[in-house]
$ cat input16.csv   # CSV, C-alpha atoms and all ligand atoms
chain,number,residue,atom,x,y,z
A,1,MET,CA,0.0,0.0,0.0
A,2,GLY,CA,1.8,3.1,-1.2
A,3,ASN,CA,0.6,6.5,0.0
A,4,LYS,CA,0.1,7.9,-3.5
A,5,LYS,CA,0.6,11.6,-3.8
A,6,PRO,CA,-2.3,13.6,-5.3
A,7,TRP,CA,-1.7,14.7,-8.9
A,8,TRP,CA,-1.9,18.4,-8.0
A,9,GLU,CA,0.9,18.2,-5.5
A,10,LYS,CA,3.2,19.5,-8.2
A,11,TRP,CA,1.2,22.7,-8.3
A,12,ASP,CA,1.4,23.1,-4.5
A,13,ASN,CA,5.2,22.7,-4.9
A,14,SER,CA,5.5,25.3,-7.6
A,15,ALA,CA,3.3,27.9,-5.8
A,16,LYS,CA,6.3,29.4,-3.9
A,17,SER,CA,8.4,30.3,-7.0
A,18,PHE,CA,5.4,30.7,-9.4
A,19,ASP,CA,5.3,34.5,-9.5
A,20,ILE,CA,9.0,34.9,-10.2
A,21,MET,CA,9.1,32.1,-12.7
A,22,ASN,CA,6.2,33.6,-14.6
A,23,ALA,CA,7.0,37.3,-14.3
A,24,GLY,CA,8.2,37.3,-17.9
A,25,VAL,CA,4.8,36.3,-19.1
A,26,GLU,CA,3.2,39.3,-17.5
A,27,VAL,CA,6.0,41.6,-18.9
A,28,ARG,CA,5.4,40.5,-22.5
A,29,TYR,CA,1.7,39.6,-22.5
A,30,GLY,CA,0.2,41.7,-19.7
A,31,ASP,CA,-1.3,44.2,-22.1
A,32,LYS,CA,-2.8,41.4,-24.3
A,33,LYS,CA,-4.3,39.7,-21.2
A,34,ARG,CA,-5.8,43.0,-20.0
A,35,GLU,CA,-7.4,43.6,-23.5
A,36,LEU,CA,-8.8,40.1,-23.5
A,37,ILE,CA,-10.2,40.3,-20.0
A,38,LYS,CA,-11.9,43.6,-20.7
A,39,LYS,CA,-14.3,41.7,-22.9
A,40,THR,CA,-15.7,39.8,-19.9
A,41,GLU,CA,-19.1,40.7,-18.4
A,42,GLY,CA,-21.4,39.8,-15.5
A,43,LEU,CA,-20.3,37.0,-13.3
A,44,ILE,CA,-16.9,35.6,-14.3
A,45,LEU,CA,-15.2,32.3,-13.6
A,46,LEU,CA,-11.4,32.6,-13.6
A,47,ALA,CA,-10.2,29.0,-14.1
A,48,ALA,CA,-7.6,28.5,-12.8
A,49,VAL,CA,-6.7,31.5,-10.6
A,50,GLY,CA,-3.2,30.2,-9.7
A,51,THR,CA,-1.4,32.7,-7.5
A,52,GLY,CA,-3.7,35.4,-8.7
A,53,LEU,CA,-1.4,37.1,-11.3
A,54,ASP,CA,-4.3,37.7,-13.6
A,55,LEU,CA,-6.5,39.5,-11.0
A,56,GLN,CA,-4.7,42.8,-11.8
A,57,TYR,CA,-6.2,42.7,-15.3
A,58,PHE,CA,-9.8,42.7,-14.3
A,59,PRO,CA,-11.7,46.0,-14.3
A,60,GLN,CA,-12.8,47.0,-10.8
A,61,ASN,CA,-16.5,46.6,-11.5
A,62,ARG,CA,-16.3,42.9,-12.3
A,63,LYS,CA,-17.4,40.0,-10.1
A,64,VAL,CA,-15.0,37.2,-10.2
A,65,VAL,CA,-15.0,33.6,-8.9
A,66,GLY,CA,-11.4,32.2,-9.0
A,67,ILE,CA,-11.0,28.5,-8.8
A,68,ASP,CA,-7.9,26.3,-8.3
A,69,ILE,CA,-7.1,22.8,-7.3
A,70,SER,CA,-4.0,23.9,-5.2
A,71,TRP,CA,-4.5,25.2,-1.7
A,72,LYS,CA,-1.0,26.7,-1.8
A,73,MET,CA,-1.8,28.6,-5.0
A,74,LEU,CA,-5.1,29.8,-3.5
A,75,GLU,CA,-3.2,31.0,-0.4
A,76,LYS,CA,-0.9,33.1,-2.5
A,77,SER,CA,-3.8,34.5,-4.6
A,78,SER,CA,-5.8,35.4,-1.4
A,79,LYS,CA,-2.8,37.7,-0.4
A,80,LYS,CA,-3.2,39.5,-3.7
A,81,LEU,CA,-6.8,40.3,-2.9
A,82,ALA,CA,-5.5,43.0,-0.6
A,83,ASP,CA,-4.0,44.9,-3.6
A,84,ASN,CA,-7.2,46.6,-4.8
A,85,PRO,CA,-8.6,43.7,-6.9
A,86,PRO,CA,-12.1,43.3,-8.4
A,87,ASP,CA,-14.8,41.7,-6.2
A,88,THR,CA,-13.4,38.2,-6.0
A,89,THR,CA,-14.3,34.9,-4.3
A,90,LEU,CA,-11.8,32.1,-4.2
A,91,VAL,CA,-12.9,28.5,-4.4
A,92,ARG,CA,-10.9,25.3,-4.1
A,93,GLY,CA,-12.1,22.8,-6.8
A,94,ASP,CA,-11.3,20.7,-9.8
A,95,ILE,CA,-12.1,22.2,-13.2
A,96,GLN,CA,-12.9,18.7,-14.4
A,97,LYS,CA,-15.7,18.4,-11.8
A,98,LEU,CA,-17.1,21.8,-11.0
A,99,CYS,CA,-19.3,22.4,-8.0
A,100,PHE,CA,-21.4,25.1,-9.8
A,101,SER,CA,-24.8,24.6,-11.4
A,102,ASP,CA,-25.4,24.7,-15.1
A,103,ASN,CA,-25.6,28.1,-16.8
A,104,THR,CA,-24.1,30.0,-13.8
A,105,PHE,CA,-21.5,32.3,-15.4
A,106,ASP,CA,-21.6,35.0,-18.0
A,107,SER,CA,-17.9,34.7,-19.0
A,108,VAL,CA,-15.1,32.3,-18.3
A,109,VAL,CA,-11.4,33.3,-18.4
A,110,THR,CA,-8.5,30.8,-18.6
A,111,SER,CA,-4.8,31.7,-18.6
A,112,CYS,CA,-2.2,29.0,-19.1
A,113,THR,CA,-4.7,26.6,-17.7
A,114,PHE,CA,-5.3,24.0,-20.4
A,115,CYS,CA,-1.6,23.1,-20.4
A,116,SER,CA,-2.2,22.0,-16.8
A,117,VAL,CA,-5.6,20.4,-16.5
A,118,PRO,CA,-5.1,16.6,-16.8
A,119,ASP,CA,-8.1,16.0,-19.0
A,120,PRO,CA,-8.5,19.2,-21.0
A,121,VAL,CA,-11.6,18.1,-23.0
A,122,LEU,CA,-13.4,17.1,-19.8
A,123,GLY,CA,-12.3,20.4,-18.2
A,124,LEU,CA,-13.6,22.4,-21.1
A,125,GLN,CA,-16.9,20.5,-21.2
A,126,GLU,CA,-17.4,21.4,-17.5
A,127,LEU,CA,-16.6,25.1,-18.2
A,128,ARG,CA,-19.1,25.0,-21.0
A,129,ARG,CA,-21.7,23.4,-18.7
A,130,VAL,CA,-21.5,26.2,-16.1
A,131,LEU,CA,-21.4,29.0,-18.8
A,132,LYS,CA,-24.7,30.6,-19.7
A,133,PRO,CA,-26.0,30.0,-23.3
A,134,GLY,CA,-24.3,32.6,-25.5
A,135,GLY,CA,-21.6,33.2,-22.8
A,136,THR,CA,-18.0,33.5,-23.9
A,137,ILE,CA,-14.8,31.7,-22.8
A,138,LEU,CA,-11.7,33.8,-23.2
A,139,MET,CA,-8.4,32.0,-23.2
A,140,PHE,CA,-4.7,32.9,-23.1
A,141,GLU,CA,-2.9,29.6,-23.7
A,142,HIS,CA,0.4,28.1,-24.9
A,143,VAL,CA,0.0,25.1,-27.2
A,144,ARG,CA,1.9,22.7,-29.4
A,145,SER,CA,3.4,24.4,-32.5
A,146,THR,CA,2.8,23.2,-36.0
A,147,ILE,CA,6.3,24.2,-37.0
A,148,PHE,CA,7.9,21.0,-38.2
A,149,TRP,CA,10.7,20.7,-35.7
A,150,MET,CA,9.2,22.6,-32.8
A,151,GLY,CA,6.2,20.4,-32.2
A,152,PRO,CA,8.3,17.2,-31.7
A,153,MET,CA,10.7,19.2,-29.5
A,154,GLN,CA,7.8,20.3,-27.3
A,155,ASP,CA,6.7,16.6,-27.2
A,156,PHE,CA,10.1,15.7,-25.9
A,157,ILE,CA,10.4,18.5,-23.3
A,158,THR,CA,6.9,17.7,-22.0
A,159,VAL,CA,8.2,14.3,-20.9
A,160,PHE,CA,10.1,16.2,-18.2
A,161,THR,CA,8.0,19.4,-17.7
A,162,ARG,CA,4.8,17.5,-16.8
A,163,LYS,CA,6.5,16.0,-13.8
A,164,PHE,CA,6.8,19.4,-12.1
A,165,GLY,CA,4.5,21.7,-14.2
A,166,PRO,CA,2.6,22.0,-17.5
A,167,ASP,CA,2.4,20.1,-20.7
A,168,LEU,CA,3.9,22.1,-23.6
A,169,ASN,CA,2.2,20.1,-26.4
A,170,ARG,CA,-1.5,20.5,-26.0
A,171,ASP,CA,-3.8,20.9,-29.0
A,172,THR,CA,-6.1,23.4,-27.3
A,173,ARG,CA,-7.9,24.5,-30.5
A,174,THR,CA,-9.1,20.9,-31.2
A,175,ASN,CA,-10.0,20.5,-27.5
A,176,ILE,CA,-12.2,23.6,-27.5
A,177,LEU,CA,-14.1,22.2,-30.5
A,178,LYS,CA,-14.3,18.7,-29.0
A,179,ALA,CA,-15.9,20.2,-25.9
A,180,GLY,CA,-18.7,21.7,-28.0
A,181,PHE,CA,-17.8,25.4,-28.1
A,182,THR,CA,-18.1,27.5,-31.2
A,183,LEU,CA,-14.7,29.1,-31.9
A,184,LYS,CA,-15.1,32.8,-32.6
A,185,ARG,CA,-11.6,34.1,-32.7
A,186,GLU,CA,-8.0,32.8,-32.6
A,187,GLU,CA,-5.0,35.0,-32.5
A,188,ASN,CA,-1.3,33.9,-32.4
A,189,LEU,CA,0.7,36.0,-30.0
A,190,TYR,CA,4.1,34.2,-30.3
A,191,LEU,CA,4.8,31.9,-33.3
A,192,ASP,CA,1.7,29.6,-33.3
A,193,MET,CA,2.6,28.6,-29.8
A,194,VAL,CA,1.1,31.3,-27.6
A,195,LYS,CA,-2.5,32.0,-28.5
A,196,LEU,CA,-5.7,33.8,-27.6
A,197,PHE,CA,-9.0,32.0,-28.1
A,198,GLU,CA,-12.5,33.4,-27.9
A,199,ALA,CA,-15.3,30.8,-28.0
A,200,GLU,CA,-19.0,30.8,-27.4
A,201,LYS,CA,-21.4,28.3,-25.8
B,1,MET,CA,7.5,43.6,-30.7
B,2,LYS,CA,9.5,46.3,-29.0
B,3,ILE,CA,13.1,46.9,-30.1
B,4,SER,CA,14.3,46.4,-26.5
B,5,ASP,CA,12.6,43.0,-26.5
B,6,LYS,CA,14.2,42.0,-29.7
B,7,LEU,CA,17.7,43.1,-28.5
B,8,LEU,CA,17.2,41.1,-25.3
B,9,ASP,CA,16.3,38.1,-27.4
B,10,TYR,CA,19.5,38.4,-29.4
B,11,LEU,CA,21.6,39.0,-26.3
B,12,ILE,CA,20.2,35.8,-24.6
B,13,ALA,CA,20.7,33.8,-27.8
B,14,MET,CA,24.3,34.9,-27.9
B,15,MET,CA,24.8,34.2,-24.3
B,16,ALA,CA,23.4,30.7,-24.8
B,17,GLY,CA,25.8,30.0,-27.5
B,18,VAL,CA,28.9,31.5,-25.9
B,19,ALA,CA,28.3,30.1,-22.5
B,20,THR,CA,27.8,26.6,-23.9
B,21,TYR,CA,30.9,27.0,-26.0
B,22,LEU,CA,33.0,28.0,-23.0
B,23,LEU,CA,31.6,25.4,-20.7
B,24,VAL,CA,32.3,22.6,-23.2
B,25,LEU,CA,35.8,23.9,-23.7
B,26,VAL,CA,36.5,23.7,-20.0
B,27,VAL,CA,34.9,20.2,-19.5
B,28,VAL,CA,35.8,18.3,-22.7
B,29,GLY,CA,39.4,17.3,-23.3
B,30,GLN,CA,41.3,16.5,-26.5
B,31,SER,CA,41.7,12.9,-25.6
B,32,TRP,CA,38.0,12.3,-25.4
B,33,ASN,CA,36.1,9.8,-27.5
B,34,MET,CA,34.2,11.9,-30.1
B,35,PHE,CA,30.8,10.4,-29.5
B,36,VAL,CA,31.1,10.9,-25.7
B,37,ALA,CA,32.3,14.5,-26.3
B,38,MET,CA,29.3,15.1,-28.5
B,39,ILE,CA,26.8,13.8,-25.9
B,40,VAL,CA,28.4,15.6,-23.0
B,41,GLY,CA,28.4,18.8,-25.1
B,42,MET,CA,24.7,18.5,-25.6
B,43,VAL,CA,24.0,17.8,-22.0
B,44,LEU,CA,26.1,20.8,-21.0
B,45,GLY,CA,24.1,22.9,-23.5
B,46,MET,CA,20.9,21.9,-21.7
B,47,VAL,CA,22.4,22.9,-18.4
B,48,VAL,CA,23.3,26.3,-19.8
B,49,LEU,CA,19.8,26.7,-21.2
B,50,GLY,CA,18.2,25.8,-17.8
B,51,ILE,CA,20.4,28.4,-16.1
B,52,LEU,CA,19.5,31.1,-18.7
B,53,ILE,CA,15.7,30.3,-18.3
B,54,LEU,CA,16.0,30.6,-14.5
B,55,THR,CA,17.9,33.9,-14.9
B,56,PHE,CA,15.7,35.6,-17.4
B,57,CYS,CA,12.3,34.2,-16.6
B,58,ARG,CA,11.5,37.5,-14.8
B,59,VAL,CA,11.6,39.4,-18.1
B,60,ILE,CA,11.0,36.7,-20.8
B,61,PRO,CA,8.6,33.8,-20.6
B,62,ALA,CA,10.4,30.4,-20.5
B,63,PHE,CA,8.4,29.2,-23.4
B,64,GLU,CA,10.0,32.0,-25.6
B,65,ILE,CA,13.5,31.2,-24.5
B,66,MET,CA,13.2,27.5,-24.9
B,67,PRO,CA,12.7,26.7,-28.6
B,68,GLY,CA,15.6,28.8,-30.1
B,69,GLY,CA,17.7,28.3,-27.0
B,70,MET,CA,17.4,24.6,-27.3
B,71,VAL,CA,18.5,24.6,-30.9
B,72,ILE,CA,21.5,26.9,-30.1
B,73,THR,CA,22.7,25.1,-27.0
B,74,MET,CA,22.3,21.6,-28.4
B,75,PHE,CA,24.1,22.3,-31.7
B,76,VAL,CA,26.8,24.4,-30.1
B,77,GLY,CA,27.4,21.8,-27.4
B,78,MET,CA,27.6,19.0,-29.9
B,79,ALA,CA,29.8,20.8,-32.4
B,80,THR,CA,32.2,22.2,-29.7
B,81,GLY,CA,32.4,18.8,-28.0
B,82,MET,CA,33.3,17.0,-31.2
B,83,SER,CA,35.7,19.6,-32.6
B,84,GLU,CA,37.4,19.8,-29.2
B,85,ALA,CA,37.8,16.0,-29.1
B,86,MET,CA,39.2,16.0,-32.6
B,87,GLY,CA,41.3,19.1,-32.1
B,88,ILE,CA,40.6,20.2,-35.6
B,89,VAL,CA,39.1,23.6,-35.5
B,90,CYS,CA,40.9,26.8,-34.3
B,91,SER,CA,39.2,28.3,-31.3
B,92,LEU,CA,38.7,31.7,-32.8
B,93,THR,CA,37.0,30.3,-35.9
B,94,LEU,CA,34.7,28.2,-33.7
B,95,PHE,CA,34.0,31.1,-31.4
B,96,ILE,CA,33.0,33.3,-34.3
B,97,SER,CA,30.9,30.6,-35.8
B,98,VAL,CA,29.1,30.1,-32.5
B,99,VAL,CA,28.2,33.8,-32.2
B,100,VAL,CA,27.0,34.0,-35.8
B,101,PHE,CA,25.1,30.7,-35.5
B,102,SER,CA,23.3,31.9,-32.3
B,103,LEU,CA,22.3,35.2,-33.9
B,104,LEU,CA,21.1,33.5,-37.0
B,105,VAL,CA,18.9,31.1,-35.0
B,106,GLN,CA,17.4,34.0,-33.2
B,107,MET,CA,16.8,35.8,-36.4
B,108,ARG,CA,15.0,32.8,-37.8
B,109,MET,CA,12.8,32.7,-34.6
B,110,HIS,CA,11.9,36.3,-35.2
B,111,LEU,CA,11.1,35.5,-38.8
B,112,TYR,CA,8.9,32.5,-37.7
B,113,ASN,CA,7.1,34.9,-35.4
B,114,HIS,CA,6.6,37.4,-38.1
B,115,GLN,CA,5.1,34.7,-40.3
B,116,HIS,CA,2.8,33.3,-37.7
B,117,LYS,CA,1.7,36.2,-35.5
B,118,GLY,CA,-1.8,37.6,-35.8
B,119,GLU,CA,-5.3,36.5,-36.5
B,120,VAL,CA,-5.8,32.9,-37.5
B,121,SER,CA,-8.3,32.6,-40.3
B,122,GLY,CA,-11.1,30.1,-39.7
B,123,GLY,CA,-10.9,31.0,-36.0
A,301,LIG,C1,0.3,27.2,-15.2
A,301,LIG,S1,-0.7,27.5,-13.8
A,301,LIG,C2,-1.5,29.0,-14.3
A,301,LIG,C3,-2.1,29.8,-13.2
A,301,LIG,C4,-2.7,31.1,-13.6
A,301,LIG,N1,-3.8,31.0,-14.5
A,301,LIG,C5,-1.7,32.1,-14.2
A,301,LIG,O1,-1.6,32.2,-15.4
A,301,LIG,O2,-1.0,32.7,-13.4
A,301,LIG,C6,-1.9,26.3,-13.8
A,301,LIG,C7,-2.8,26.3,-12.7
A,301,LIG,O3,-3.9,25.4,-12.9
A,301,LIG,C8,-4.2,24.8,-11.7
A,301,LIG,N2,-4.9,23.5,-12.1
A,301,LIG,C9,-4.4,22.5,-12.8
A,301,LIG,N3,-5.3,21.5,-13.0
A,301,LIG,C10,-6.5,22.0,-12.4
A,301,LIG,C11,-7.8,21.4,-12.2
A,301,LIG,N4,-8.1,20.3,-12.7
A,301,LIG,N5,-8.7,22.2,-11.5
A,301,LIG,C12,-8.4,23.4,-11.0
A,301,LIG,N6,-7.2,23.9,-11.1
A,301,LIG,C13,-6.2,23.2,-11.8
A,301,LIG,C14,-2.9,24.6,-11.0
A,301,LIG,O4,-3.1,24.4,-9.6
A,301,LIG,C15,-2.2,25.9,-11.3
A,301,LIG,O5,-2.5,26.9,-10.4

$ encode --input "input16.csv" --output "structure tokens"
Amino acid sequence: MGNKKPWWEKWDNSAKSFDIMNAGVEVRYGDKKRELIKKTEGLILLAAVGTGLDLQYFPQNRKVVGIDISWKMLEKSSKKLADNPPDTTLVRGDIQKLCFSDNTFDSVVTSCTFCSVPDPVLGLQELRRVLKPGGTILMFEHVRSTIFWMGPMQDFITVFTRKFGPDLNRDTRTNILKAGFTLKREENLYLDMVKLFEAEK
Amino acid sequence: MKISDKLLDYLIAMMAGVATYLLVLVVVGQSWNMFVAMIVGMVLGMVVLGILILTFCRVIPAFEIMPGGMVITMFVGMATGMSEAMGIVCSLTLFISVVVFSLLVQMRMHLYNHQHKGEVSGG
């Protein structure tokens, strides 16, 4: 009988250094994230909130529910709530099995989330379930490149990175469609590897 | 993309190449088996890349440093290891080739970015 570690333990472990390790993402893509998040309306689900780096991009008049599987991540994001954030509630939960009723949220925001959720299609289906009809999911995600040498390289690196962090080779566009969303917009921010997606229920 | 971002990308690319080159020169000796020298060179390149990512992740996302950086450090590590073991290439020639190669790889990354960036049709 081994005491098997929970799959999200890697996220607990990375919470401490997460802000420093990801500061570069905010430096280069902060403006793009702000622009994307400005499109949200009504009650918003931020999945996953992580250490709360994205809270700074929400306009003050928004109502946000931030969910994450990792207590340590949530602990760090709760500290950021002191820095003048939007009206935010933090919830511990699994995106693949959400505790909210159908058609609850007007918008969903994800940011480097679907490189991390173990079953991305299941996760996206759950987000679609809790989104109101006509509601929008806004996503900032890094994905597998179609450049002939880069995709295989990402497959190789993922063998290592997934042990302590994200998968680098997800096909998020296909996953969005598989989950039943209608893809409205796709923008490449860096190569065809860092992308914005806007999709509708 | 801002000019300062571009310059930083080139600087990091050059550092990746030069640091790998110097580290391999220090570690790999002339009497080494060529195949072993090549593998060790590649591994040392990966170490250099890891250090660069940790150093610069505050200003550049790791996923931007990684693709070009991996090409640079792997090839430079491999080539320096092999030529050091064979003792065939003059150090200055190799050093200049490393710098030029690193900059060319980064230039190609910027070109790739230019080609791919923007709205995806059918989105
Ligand atoms: C790469 S981090 C991104 C965090 C944040 N969105 C950001 O960009 O700063 C991925 C986050 O997803 C969370 N996560 C992964 N799988 C999850 C799941 N099934 N349910 C909820 N959160 C999950 C992790 O705990 C981690 O905080």

$ atom_distance --input "input16.csv" --atom1 "atom CA of A:Met73" --atom2 "atom CA of A:Gln96"
17.6 Å

$ closest_residue --input "input16.csv" --among "B:Leu49, B:Ala85, B:Met109, B:Leu8" --to "B:Val26" --atoms "all atoms listed in the file"
B:Ala85

$ closest_residue --input "input16.csv" --among "A:Tyr190, A:Trp11, A:Phe160, A:Phe148" --to "ligand LIG 301 (chain A)" --atoms "all atoms listed in the file"
A:Trp11

$ atom_distance --input "input16.csv" --atom1 "atom CA of B:Phe63" --atom2 "atom CA of B:Ser97"
25.7 Å

$ axis_aligned_box --input "input16.csv" --around "ligand LIG 301 (chain A)" --padding-each-side "4 Å" --output "AutoDock Vina command-line options"
--center_x -4.2 --center_y 26.5 --center_z -12.5 --size_x 17.0 --size_y 20.4 --size_z 13.8

$ interface_residues --input "input16.csv" --of "chain A" --to "chain B" --cutoff "6 Å" --atoms "all atoms listed in the file" --output "MDAnalysis selection string"
chainID A and resid 20:21 23:25 183:192

$ residues_around --input "input16.csv" --residues "A:Ser145" --least-positions-apart "2" --cutoff "7 Å" --atoms "only C-alpha atoms" --output "number ranges by chain"
A: 143, 147, 150-151, 192-193

$ residues_near_ligand --input "input16.csv" --ligand "ligand LIG 301 (chain A)" --cutoff "8 Å" --atoms "all atoms listed in the file" --output "PDB file with C-alpha atoms, in the frame of the given file"
ATOM      1  CA  TRP A   8      -1.900  18.400  -8.000  1.00  0.00           C
ATOM      2  CA  TRP A  11       1.200  22.700  -8.300  1.00  0.00           C
ATOM      3  CA  ASP A  12       1.400  23.100  -4.500  1.00  0.00           C
ATOM      4  CA  ALA A  15       3.300  27.900  -5.800  1.00  0.00           C
ATOM      5  CA  PHE A  18       5.400  30.700  -9.400  1.00  0.00           C
ATOM      6  CA  ASP A  19       5.300  34.500  -9.500  1.00  0.00           C
ATOM      7  CA  ASN A  22       6.200  33.600 -14.600  1.00  0.00           C
ATOM      8  CA  LEU A  46     -11.400  32.600 -13.600  1.00  0.00           C
ATOM      9  CA  ALA A  47     -10.200  29.000 -14.100  1.00  0.00           C
ATOM     10  CA  ALA A  48      -7.600  28.500 -12.800  1.00  0.00           C
ATOM     11  CA  VAL A  49      -6.700  31.500 -10.600  1.00  0.00           C
ATOM     12  CA  GLY A  50      -3.200  30.200  -9.700  1.00  0.00           C
ATOM     13  CA  THR A  51      -1.400  32.700  -7.500  1.00  0.00           C
ATOM     14  CA  GLY A  52      -3.700  35.400  -8.700  1.00  0.00           C
ATOM     15  CA  LEU A  53      -1.400  37.100 -11.300  1.00  0.00           C
ATOM     16  CA  ASP A  54      -4.300  37.700 -13.600  1.00  0.00           C
ATOM     17  CA  ILE A  67     -11.000  28.500  -8.800  1.00  0.00           C
ATOM     18  CA  ASP A  68      -7.900  26.300  -8.300  1.00  0.00           C
ATOM     19  CA  ILE A  69      -7.100  22.800  -7.300  1.00  0.00           C
ATOM     20  CA  SER A  70      -4.000  23.900  -5.200  1.00  0.00           C
ATOM     21  CA  MET A  73      -1.800  28.600  -5.000  1.00  0.00           C
ATOM     22  CA  LEU A  74      -5.100  29.800  -3.500  1.00  0.00           C
ATOM     23  CA  ARG A  92     -10.900  25.300  -4.100  1.00  0.00           C
ATOM     24  CA  GLY A  93     -12.100  22.800  -6.800  1.00  0.00           C
ATOM     25  CA  ASP A  94     -11.300  20.700  -9.800  1.00  0.00           C
ATOM     26  CA  ILE A  95     -12.100  22.200 -13.200  1.00  0.00           C
ATOM     27  CA  GLN A  96     -12.900  18.700 -14.400  1.00  0.00           C
ATOM     28  CA  LYS A  97     -15.700  18.400 -11.800  1.00  0.00           C
ATOM     29  CA  THR A 110      -8.500  30.800 -18.600  1.00  0.00           C
ATOM     30  CA  SER A 111      -4.800  31.700 -18.600  1.00  0.00           C
ATOM     31  CA  CYS A 112      -2.200  29.000 -19.100  1.00  0.00           C
ATOM     32  CA  THR A 113      -4.700  26.600 -17.700  1.00  0.00           C
ATOM     33  CA  PHE A 114      -5.300  24.000 -20.400  1.00  0.00           C
ATOM     34  CA  CYS A 115      -1.600  23.100 -20.400  1.00  0.00           C
ATOM     35  CA  SER A 116      -2.200  22.000 -16.800  1.00  0.00           C
ATOM     36  CA  VAL A 117      -5.600  20.400 -16.500  1.00  0.00           C
ATOM     37  CA  PRO A 118      -5.100  16.600 -16.800  1.00  0.00           C
ATOM     38  CA  ASP A 119      -8.100  16.000 -19.000  1.00  0.00           C
ATOM     39  CA  GLY A 123     -12.300  20.400 -18.200  1.00  0.00           C
ATOM     40  CA  GLY A 165       4.500  21.700 -14.200  1.00  0.00           C
ATOM     41  CA  PRO A 166       2.600  22.000 -17.500  1.00  0.00           C
TER      42      PRO A 166
END

$ atom_distance --input "input16.csv" --atom1 "atom CA of A:Pro6" --atom2 "atom CA of A:Leu98"
17.9 Å

$ closest_residue --input "input16.csv" --among "A:Arg62, A:Gln56, A:Ala199, A:Glu35" --to "A:Ala82" --atoms "all atoms listed in the file"
A:Gln56

$ residues_around --input "input16.csv" --residues "B:Gly77" --least-positions-apart "4" --cutoff "8 Å" --atoms "all atoms listed in the file" --output "ChimeraX atom specification"
/B:20-21,24,38,40-45,73,81

$ closest_residue --input "input16.csv" --among "A:Lys163, A:Asp102, A:Val109, A:Arg28" --to "A:Glu9" --atoms "all atoms listed in the file"
A:Lys163

$ closest_residue --input "input16.csv" --among "B:Ile96, B:Met78, B:Val89, B:Ile72" --to "B:Phe35" --atoms "only C-alpha atoms"
B:Met78

$ residues_around --input "input16.csv" --residues "A:Glu41" --least-positions-apart "4" --cutoff "9 Å" --atoms "all atoms listed in the file" --output "PyMOL selection string"
chain A and resi 62-63+106-107

$ build_atoms --input "input16.csv" --residues "stretch 39-48 of chain B" --atoms "N, CA, C and O atoms" --output "tab-separated table (two decimals), in the frame of the given file"
chain	number	residue	atom	x	y	z
B	39	ILE	N	27.89	13.94	-26.85
B	39	ILE	CA	26.80	13.80	-25.90
B	39	ILE	C	26.96	14.73	-24.70
B	39	ILE	O	26.03	15.43	-24.28
B	40	VAL	N	28.17	14.73	-24.16
B	40	VAL	CA	28.40	15.60	-23.00
B	40	VAL	C	28.22	17.07	-23.40
B	40	VAL	O	27.64	17.84	-22.64
B	41	GLY	N	28.65	17.42	-24.60
B	41	GLY	CA	28.40	18.80	-25.10
B	41	GLY	C	26.97	19.16	-25.12
B	41	GLY	O	26.57	20.24	-24.67
B	42	MET	N	26.14	18.23	-25.58
B	42	MET	CA	24.70	18.50	-25.60
B	42	MET	C	24.10	18.65	-24.24
B	42	MET	O	23.28	19.54	-23.99
B	43	VAL	N	24.53	17.78	-23.35
B	43	VAL	CA	24.00	17.80	-22.00
B	43	VAL	C	24.42	19.17	-21.32
B	43	VAL	O	23.60	19.83	-20.66
B	44	LEU	N	25.67	19.56	-21.53
B	44	LEU	CA	26.10	20.80	-21.00
B	44	LEU	C	25.31	22.00	-21.54
B	44	LEU	O	24.99	22.96	-20.84
B	45	GLY	N	24.98	21.88	-22.81
B	45	GLY	CA	24.10	22.90	-23.50
B	45	GLY	C	22.79	23.01	-22.75
B	45	GLY	O	22.29	24.11	-22.51
B	46	MET	N	22.22	21.87	-22.41
B	46	MET	CA	20.90	21.90	-21.70
B	46	MET	C	21.04	22.53	-20.34
B	46	MET	O	20.14	23.24	-19.89
B	47	VAL	N	22.18	22.28	-19.68
B	47	VAL	CA	22.40	22.90	-18.40
B	47	VAL	C	22.45	24.42	-18.51
B	47	VAL	O	21.81	25.16	-17.76
B	48	VAL	N	23.19	24.87	-19.52
B	48	VAL	CA	23.30	26.30	-19.80
B	48	VAL	C	21.89	26.90	-20.04
B	48	VAL	O	21.51	27.94	-19.49
